[in-house]
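Colleague: Can you keep this structure in mind? I'll have questions shortly.
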Amino acid sequence: MSSKVLIVEDEFIVANDLQLILKHAGYIVTGIAVSAEEALENITKNKPDLILLDIFLEGEQSGIDLAKKLKTENIAFVYLSANSNQTILEEAKKTDPYGFLVKPFREKDLLVTLEIASYRHKNSIESRLKQETLLQEKLSAISFQTLSDEQYFQETARLLQAFIPYDLIVFETKQIDLNKQKSEAYMRIGFDEYQYIGEKELKNITNSNTNSSFTESYYLENETVIYGNDSEYFNPNLSFIKDHFKAASFLVFPILLNNELTIQFIFCNQKKNHYSQYHIDLLTSAKKDFSDLLNQHKLIESKTENHKEIVSNRFTDSIGKHPLLLDALDLIAQVAPYNTSVLILGESGTGKEKAAQSIHNLSTRKNGPFIKVNCAAISPTLIESELFGYEKGAFTGAIESRKGKFELADGGTIFLDEIGELSNEMQIRLLRVLQEKEIDSVGGNIARKVDIRIVAATNRNLEKEVAEGNFRMDLYYRLNVFPITMPALRERKTDIPELAAYFIEKFSKEFSKKINGINSNMLQQMNEYDWPGNIRELENFIERSVILNNGKSELDFKPNSPSNSETFKTENVQNLDDVKNAQQQIERDYIISILKKVNGRIRGTSGAASILNIKPTTLESKMSKLAIKKDDYAN
């Protein structure tokens, strides 16, 4: 069935050219609109599958204004624009378009972009349906547990975070005939860590003996509603939460259990424009499941003593509570249950590999293999056989068939690190794997189906690489279905003390030293440093500092000596150089010792490579990097 496309473009020649291209390619064009108002009329009448949308239009509303409405209606759209102004582009990106074309563009680029947009939209619809089903299943699972009302609210708070992210969630129960009401909440203090706030805690927060409710008495909504999303109207009943908890977005979800009893969930987030129609649809789809569960509990009469923080160990290796980190962890938890491709972005040393491992561990594939591939570390001449495997006799030296990384990952997850380093030829091969879920080994003539999930990562700006022609646009958008950005350490400096404490404990145990904390001056300088190497650099620095410490004092740059910011920068760079040089010297000495053992007894470097359990080509590369010459090991 052909897709229906609406063209929203006020330039007559461009619009007609687009119409001819689309019709020739088999699309059904529902019309050409020159303004947002005209486009909305066409959408209501013809229900297009996809919209080509110019940013600047006739009338008062821009394409970006229209895009916000399309997003709430879950209609796919691709921007067309001749404007490359960075501010305009940033505003456009906030609407999450399914593609972006800069005029003038080639016919091929247009058709590829439309194909990718359709693919991503289909994937989005499937993900929404899976989210709805998963929420309903999890709510049903709670009903099989024997829980007190307090435990029920705790489990509900944890459950809903993965679907409707919040900084504070308020549960209000109102029983009109008995003139009773109860108000309690959970405030997020870390990933899957929540602090209970009841009547007593609320009075302590406000220093008031009278205020025991988060909203005005008997405030109830008649239907699910959003406040704070570019709306002039703000409900004054939510003013207390807005002022005391710095909330900027609200989603109010009421459930009428009977004529007298109503429970109201209030989701609060400190980010602006955080909630959307998608969240309303998700809650509405599970309304019956909420009602069934709530009817099992005597919500008004339950006690509120002995509440504790809810703690989960799903991210045991993730240290910190900065909002940027929590946002990334939220996205990991949300996407993990599905087979959606994930693109992890971020600088080197920010924890992209750990994020990929967490996605695998939280998925239904957790019992399957997790295969890691560093695309930058494999020679371009070997990467094809590494990824896809090879058949016996495929090339000189192929004395037996060998499985590639994709086949080894069958039933599990493959993590392609530094994906931006792939050659154009390998990008085409990877695109086929994503599309067809099948591979061809080198020298083989039969395609094999593989059941894999692809998680990719890069520290490059792939959008820039696409613009410069170094990375295929179609592959980028297929990988970028669900992007996750790991924040740089300089963006989450409030986590440095906790990270430092974690590494101090780790290396204290490893080196059998007792470290009495960390010097306040050192901690201050650490906070002032920008950490270009991110968490990996911090870990290396702490490791060396623990080694140099006498085991009887606080951790400092040099025991008992002052320091300043400039000294720290110089000292830290020197520390890292020392560690790196020492590691390289150890590795060099070890390789030379192996080479001396096999010299004269086993052919060339192949014997040493087999002992080291690496490929001869890899060993030769290491020898070159470490400046190992034949004179160093020859007898």
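Labels for the structure tokens follow display order: chains A, B, ..., residues from 1 in each chain, ligands from 1.
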Which residues, written as a list in words, have at least one atom at most 10 Å from region 134-147 of chain A, with only C-alpha atoms counted and residues fewer than 6 positions away on the same chain left out?
Modeller: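 So the residues in contact are Arg128, Phe153, Gln154, Glu155, Thr156, Leu159, Leu160, Ala162, Phe163, Leu282, Leu283, Ser285, Ala286, Lys287, Lys288, Asp289, Phe290, Asp292, Leu293, Leu294, Gln296, His297 and Pro337 of chain A.
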Colleague: Produce a file of the selected residues containing N, CA, C and O atoms, as a CSV table (one decimal), in the first residue's frame.
Modeller:
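Written file, part18.csv:
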```
chain,number,residue,atom,x,y,z
A,128,ARG,N,5.4,2.1,21.0
A,128,ARG,CA,4.3,2.6,21.8
A,128,ARG,C,3.4,1.5,22.2
A,128,ARG,O,3.0,1.4,23.4
A,153,PHE,N,2.1,1.6,46.9
A,153,PHE,CA,2.5,2.9,46.3
A,153,PHE,C,4.0,3.0,46.0
A,153,PHE,O,4.4,3.6,45.0
A,154,GLN,N,4.8,2.3,46.8
A,154,GLN,CA,6.2,2.3,46.5
A,154,GLN,C,6.5,1.6,45.2
A,154,GLN,O,7.3,2.1,44.4
A,155,GLU,N,5.9,0.4,45.0
A,155,GLU,CA,6.1,-0.3,43.8
A,155,GLU,C,5.5,0.4,42.6
A,155,GLU,O,6.1,0.4,41.5
A,156,THR,N,4.4,1.1,42.8
A,156,THR,CA,3.8,1.9,41.7
A,156,THR,C,4.7,3.0,41.3
A,156,THR,O,4.9,3.3,40.1
A,159,LEU,N,7.6,1.6,39.4
A,159,LEU,CA,7.2,1.2,38.1
A,159,LEU,C,6.9,2.3,37.1
A,159,LEU,O,7.3,2.3,35.9
A,160,LEU,N,6.3,3.4,37.5
A,160,LEU,CA,5.9,4.4,36.6
A,160,LEU,C,7.0,5.3,36.1
A,160,LEU,O,7.0,5.9,35.1
A,162,ALA,N,9.8,4.5,34.8
A,162,ALA,CA,10.3,4.0,33.5
A,162,ALA,C,9.4,4.4,32.3
A,162,ALA,O,9.8,4.5,31.2
A,163,PHE,N,8.1,4.8,32.6
A,163,PHE,CA,7.1,5.1,31.6
A,163,PHE,C,6.8,6.6,31.6
A,163,PHE,O,6.7,7.2,30.5
A,282,LEU,N,-0.6,6.7,27.1
A,282,LEU,CA,-0.1,5.5,27.8
A,282,LEU,C,-0.8,5.2,29.1
A,282,LEU,O,-1.2,4.1,29.4
A,283,LEU,N,-1.1,6.3,29.9
A,283,LEU,CA,-1.9,6.1,31.1
A,283,LEU,C,-3.3,5.7,30.8
A,283,LEU,O,-3.9,4.8,31.5
A,285,SER,N,-4.4,4.0,28.4
A,285,SER,CA,-4.5,2.6,27.9
A,285,SER,C,-4.5,1.6,29.1
A,285,SER,O,-5.0,0.5,29.0
A,286,ALA,N,-3.9,2.1,30.2
A,286,ALA,CA,-3.8,1.2,31.4
A,286,ALA,C,-4.8,1.6,32.5
A,286,ALA,O,-4.6,1.1,33.6
A,287,LYS,N,-5.7,2.4,32.2
A,287,LYS,CA,-6.6,2.9,33.2
A,287,LYS,C,-7.4,1.8,33.9
A,287,LYS,O,-7.6,1.8,35.2
A,288,LYS,N,-7.9,0.8,33.2
A,288,LYS,CA,-8.6,-0.3,33.8
A,288,LYS,C,-7.7,-1.1,34.7
A,288,LYS,O,-8.1,-1.5,35.8
A,289,ASP,N,-6.4,-1.3,34.3
A,289,ASP,CA,-5.5,-2.0,35.2
A,289,ASP,C,-5.3,-1.2,36.5
A,289,ASP,O,-5.2,-1.8,37.6
A,290,PHE,N,-5.1,0.1,36.4
A,290,PHE,CA,-5.0,0.9,37.6
A,290,PHE,C,-6.2,0.8,38.5
A,290,PHE,O,-6.1,0.6,39.7
A,292,ASP,N,-8.4,-1.6,38.7
A,292,ASP,CA,-8.5,-3.0,39.3
A,292,ASP,C,-7.6,-3.1,40.5
A,292,ASP,O,-8.0,-3.7,41.5
A,293,LEU,N,-6.4,-2.6,40.4
A,293,LEU,CA,-5.5,-2.7,41.5
A,293,LEU,C,-5.9,-1.8,42.6
A,293,LEU,O,-5.8,-2.2,43.8
A,294,LEU,N,-6.3,-0.6,42.3
A,294,LEU,CA,-6.7,0.4,43.4
A,294,LEU,C,-7.9,-0.1,44.2
A,294,LEU,O,-8.0,0.2,45.4
A,296,GLN,N,-8.4,-2.9,45.2
A,296,GLN,CA,-8.0,-3.9,46.1
A,296,GLN,C,-7.5,-3.4,47.4
A,296,GLN,O,-7.3,-4.1,48.4
A,297,HIS,N,-7.4,-2.0,47.5
A,297,HIS,CA,-6.7,-1.4,48.7
A,297,HIS,C,-7.6,-0.4,49.4
A,297,HIS,O,-8.4,0.3,48.8
A,337,PRO,N,14.0,-3.2,27.3
A,337,PRO,CA,13.1,-4.4,27.0
A,337,PRO,C,12.9,-4.7,25.6
A,337,PRO,O,12.3,-5.8,25.2
```
Colleague: Which residues come within 12 Å of Arg188 (chain A), counting only C-alpha atoms, excluding same-chain residues fewer than 2 positions away, as a ChimeraX atom specification?
Modeller: /A:154,157-158,161,165-170,185-186,190-197,245,267-270,309-311,321-323,326
Colleague: I need the residues from that last selection saved to file as an mmCIF file, in the first residue's frame (with N, CA and C atoms), if you can.
Modeller:
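File result_0.cif, as written:
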```cif
data_model
loop_
_atom_site.group_PDB
_atom_site.id
_atom_site.type_symbol
_atom_site.label_atom_id
_atom_site.label_comp_id
_atom_site.auth_asym_id
_atom_site.auth_seq_id
_atom_site.Cartn_x
_atom_site.Cartn_y
_atom_site.Cartn_z
ATOM 1 N N GLN A 154 4.803 2.339 46.815
ATOM 2 C CA GLN A 154 6.237 2.303 46.531
ATOM 3 C C GLN A 154 6.507 1.593 45.204
ATOM 4 N N ALA A 157 5.288 3.714 42.320
ATOM 5 C CA ALA A 157 6.197 4.833 42.050
ATOM 6 C C ALA A 157 7.397 4.376 41.233
ATOM 7 N N ARG A 158 7.986 3.244 41.632
ATOM 8 C CA ARG A 158 9.144 2.724 40.896
ATOM 9 C C ARG A 158 8.749 2.320 39.480
ATOM 10 N N GLN A 161 8.142 5.295 36.884
ATOM 11 C CA GLN A 161 9.286 6.124 36.489
ATOM 12 C C GLN A 161 9.794 5.761 35.097
ATOM 13 N N PRO A 165 8.557 9.614 33.255
ATOM 14 C CA PRO A 165 9.628 10.127 34.129
ATOM 15 C C PRO A 165 9.194 11.347 34.939
ATOM 16 N N TYR A 166 9.576 11.370 36.199
ATOM 17 C CA TYR A 166 9.186 12.470 37.095
ATOM 18 C C TYR A 166 10.293 12.726 38.102
ATOM 19 N N ASP A 167 10.242 13.918 38.706
ATOM 20 C CA ASP A 167 11.106 14.241 39.836
ATOM 21 C C ASP A 167 10.350 14.086 41.147
ATOM 22 N N LEU A 168 9.031 14.225 41.069
ATOM 23 C CA LEU A 168 8.160 14.053 42.232
ATOM 24 C C LEU A 168 6.848 13.475 41.739
ATOM 25 N N ILE A 169 6.354 12.446 42.436
ATOM 26 C CA ILE A 169 5.032 11.910 42.117
ATOM 27 C C ILE A 169 4.176 11.976 43.377
ATOM 28 N N VAL A 170 2.992 12.546 43.233
ATOM 29 C CA VAL A 170 2.080 12.745 44.356
ATOM 30 C C VAL A 170 0.876 11.825 44.188
ATOM 31 N N ALA A 185 3.737 11.396 48.807
ATOM 32 C CA ALA A 185 4.516 11.536 47.572
ATOM 33 C C ALA A 185 5.850 10.823 47.704
ATOM 34 N N TYR A 186 6.503 10.669 46.546
ATOM 35 C CA TYR A 186 7.871 10.142 46.493
ATOM 36 C C TYR A 186 8.692 11.092 45.637
ATOM 37 N N GLY A 190 17.795 9.739 43.295
ATOM 38 C CA GLY A 190 18.838 9.021 42.574
ATOM 39 C C GLY A 190 18.162 8.081 41.600
ATOM 40 N N PHE A 191 18.976 7.286 40.869
ATOM 41 C CA PHE A 191 18.327 6.354 39.960
ATOM 42 C C PHE A 191 17.674 5.245 40.767
ATOM 43 N N ASP A 192 16.353 5.157 40.637
ATOM 44 C CA ASP A 192 15.558 4.189 41.386
ATOM 45 C C ASP A 192 15.690 4.369 42.895
ATOM 46 N N GLU A 193 15.968 5.586 43.334
ATOM 47 C CA GLU A 193 15.976 5.923 44.757
ATOM 48 C C GLU A 193 14.960 7.031 44.974
ATOM 49 N N TYR A 194 14.048 6.811 45.915
ATOM 50 C CA TYR A 194 12.966 7.762 46.138
ATOM 51 C C TYR A 194 12.788 7.990 47.631
ATOM 52 N N GLN A 195 12.577 9.244 47.988
ATOM 53 C CA GLN A 195 12.355 9.594 49.382
ATOM 54 C C GLN A 195 10.869 9.790 49.628
ATOM 55 N N TYR A 196 10.334 9.075 50.602
ATOM 56 C CA TYR A 196 8.915 9.199 50.917
ATOM 57 C C TYR A 196 8.634 10.535 51.594
ATOM 58 N N ILE A 197 7.535 11.175 51.208
ATOM 59 C CA ILE A 197 7.095 12.426 51.837
ATOM 60 C C ILE A 197 5.626 12.268 52.222
ATOM 61 N N PHE A 245 9.037 22.610 45.111
ATOM 62 C CA PHE A 245 9.773 21.506 44.484
ATOM 63 C C PHE A 245 10.303 21.885 43.100
ATOM 64 N N PHE A 267 2.148 13.785 38.358
ATOM 65 C CA PHE A 267 3.546 13.652 37.951
ATOM 66 C C PHE A 267 4.137 15.052 37.805
ATOM 67 N N CYS A 268 5.283 15.285 38.434
ATOM 68 C CA CYS A 268 5.904 16.616 38.412
ATOM 69 C C CYS A 268 7.355 16.498 37.949
ATOM 70 N N ASN A 269 7.749 17.371 37.029
ATOM 71 C CA ASN A 269 9.108 17.353 36.512
ATOM 72 C C ASN A 269 9.668 18.770 36.470
ATOM 73 N N GLN A 270 10.944 18.908 36.774
ATOM 74 C CA GLN A 270 11.560 20.231 36.791
ATOM 75 C C GLN A 270 11.872 20.758 35.398
ATOM 76 N N GLU A 309 13.411 4.701 51.918
ATOM 77 C CA GLU A 309 13.770 4.963 50.528
ATOM 78 C C GLU A 309 13.662 3.674 49.726
ATOM 79 N N ILE A 310 13.194 3.810 48.494
ATOM 80 C CA ILE A 310 13.168 2.669 47.593
ATOM 81 C C ILE A 310 14.522 2.620 46.907
ATOM 82 N N VAL A 311 15.177 1.488 46.961
ATOM 83 C CA VAL A 311 16.493 1.380 46.341
ATOM 84 C C VAL A 311 16.532 0.152 45.443
ATOM 85 N N LYS A 321 24.335 11.065 40.835
ATOM 86 C CA LYS A 321 22.916 11.405 40.863
ATOM 87 C C LYS A 321 22.621 12.695 40.106
ATOM 88 N N HIS A 322 23.544 13.115 39.253
ATOM 89 C CA HIS A 322 23.309 14.335 38.482
ATOM 90 C C HIS A 322 22.150 14.098 37.517
ATOM 91 N N PRO A 323 21.282 15.100 37.311
ATOM 92 C CA PRO A 323 20.130 14.937 36.422
ATOM 93 C C PRO A 323 20.484 14.444 35.018
ATOM 94 N N LEU A 326 21.009 10.757 35.313
ATOM 95 C CA LEU A 326 19.730 10.086 35.562
ATOM 96 C C LEU A 326 18.886 10.032 34.292
#
```
Colleague: In Å to one decimal, how far is CA of Glu438 (chain A) from CA of Lys392 (chain A)?
Modeller: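 Computing the Euclidean distance for CA of Lys392 (chain A) and CA of Glu438 (chain A) yields 19.9 Å.
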Colleague: Between A:Asp17, A:His24, A:Phe77, A:Lys93, which one has atoms that come closest to Arg106 (chain A), using only C-alpha atoms?
Modeller: A:Asp17
Colleague: In terms of the shortest atom-to-atom distance over only C-alpha atoms, which of A:Ser385, A:Phe105, A:Ala33, A:Glu150 is closest to Phe12 (chain A)?
Modeller: A:Ala33
Colleague: Which residues come within 8 Å of Ala500 (chain A), counting only C-alpha atoms, excluding same-chain residues fewer than 4 positions away, as a ChimeraX atom specification?
Modeller: /A:496,504,538-539,542
Colleague: For the residues in that selection, give me all heavy atoms as a PDB file, in the first residue's frame.
Modeller:
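Below is the file out_19.pdb, written as the result:
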```
ATOM      1  N   ILE A 496      31.543  14.135  41.164  1.00  0.00           N
ATOM      2  CA  ILE A 496      32.972  13.844  41.345  1.00  0.00           C
ATOM      3  C   ILE A 496      33.278  13.289  42.739  1.00  0.00           C
ATOM      4  O   ILE A 496      34.009  12.293  42.855  1.00  0.00           O
ATOM      5  CB  ILE A 496      33.824  15.096  41.038  1.00  0.00           C
ATOM      6  CG1 ILE A 496      33.849  15.345  39.522  1.00  0.00           C
ATOM      7  CG2 ILE A 496      35.247  14.934  41.567  1.00  0.00           C
ATOM      8  CD1 ILE A 496      34.614  16.583  39.098  1.00  0.00           C
ATOM      9  N   ILE A 504      38.487   5.306  45.193  1.00  0.00           N
ATOM     10  CA  ILE A 504      39.390   5.192  46.344  1.00  0.00           C
ATOM     11  C   ILE A 504      39.157   3.852  47.047  1.00  0.00           C
ATOM     12  O   ILE A 504      40.106   3.127  47.378  1.00  0.00           O
ATOM     13  CB  ILE A 504      39.188   6.360  47.329  1.00  0.00           C
ATOM     14  CG1 ILE A 504      39.731   7.658  46.729  1.00  0.00           C
ATOM     15  CG2 ILE A 504      39.883   6.073  48.657  1.00  0.00           C
ATOM     16  CD1 ILE A 504      39.387   8.895  47.533  1.00  0.00           C
ATOM     17  N   LEU A 538      39.667  10.248  35.498  1.00  0.00           N
ATOM     18  CA  LEU A 538      39.530  10.345  36.955  1.00  0.00           C
ATOM     19  C   LEU A 538      39.957   9.034  37.619  1.00  0.00           C
ATOM     20  O   LEU A 538      40.665   9.041  38.628  1.00  0.00           O
ATOM     21  CB  LEU A 538      38.077  10.672  37.316  1.00  0.00           C
ATOM     22  CG  LEU A 538      37.736  10.682  38.808  1.00  0.00           C
ATOM     23  CD1 LEU A 538      38.513  11.780  39.524  1.00  0.00           C
ATOM     24  CD2 LEU A 538      36.236  10.872  39.023  1.00  0.00           C
ATOM     25  N   GLU A 539      39.551   7.923  37.036  1.00  0.00           N
ATOM     26  CA  GLU A 539      39.915   6.619  37.603  1.00  0.00           C
ATOM     27  C   GLU A 539      41.429   6.420  37.592  1.00  0.00           C
ATOM     28  O   GLU A 539      42.019   5.984  38.589  1.00  0.00           O
ATOM     29  CB  GLU A 539      39.238   5.501  36.805  1.00  0.00           C
ATOM     30  CG  GLU A 539      39.530   4.107  37.348  1.00  0.00           C
ATOM     31  CD  GLU A 539      38.815   3.024  36.569  1.00  0.00           C
ATOM     32  OE1 GLU A 539      38.228   3.337  35.512  1.00  0.00           O
ATOM     33  OE2 GLU A 539      38.848   1.856  37.015  1.00  0.00           O
ATOM     34  N   ILE A 542      43.028   8.650  40.312  1.00  0.00           N
ATOM     35  CA  ILE A 542      42.834   8.136  41.670  1.00  0.00           C
ATOM     36  C   ILE A 542      43.717   6.910  41.905  1.00  0.00           C
ATOM     37  O   ILE A 542      44.315   6.750  42.980  1.00  0.00           O
ATOM     38  CB  ILE A 542      41.354   7.791  41.917  1.00  0.00           C
ATOM     39  CG1 ILE A 542      40.488   9.066  41.877  1.00  0.00           C
ATOM     40  CG2 ILE A 542      41.183   7.079  43.266  1.00  0.00           C
ATOM     41  CD1 ILE A 542      40.772  10.062  42.969  1.00  0.00           C
TER      42      ILE A 542
END
```
Colleague: Could you jot down the CA of Ile518 (chain A) to CA of Leu499 (chain A) separation for me, Å, one decimal place?
Modeller: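 Between these atoms lies a distance of 11.9 Å.
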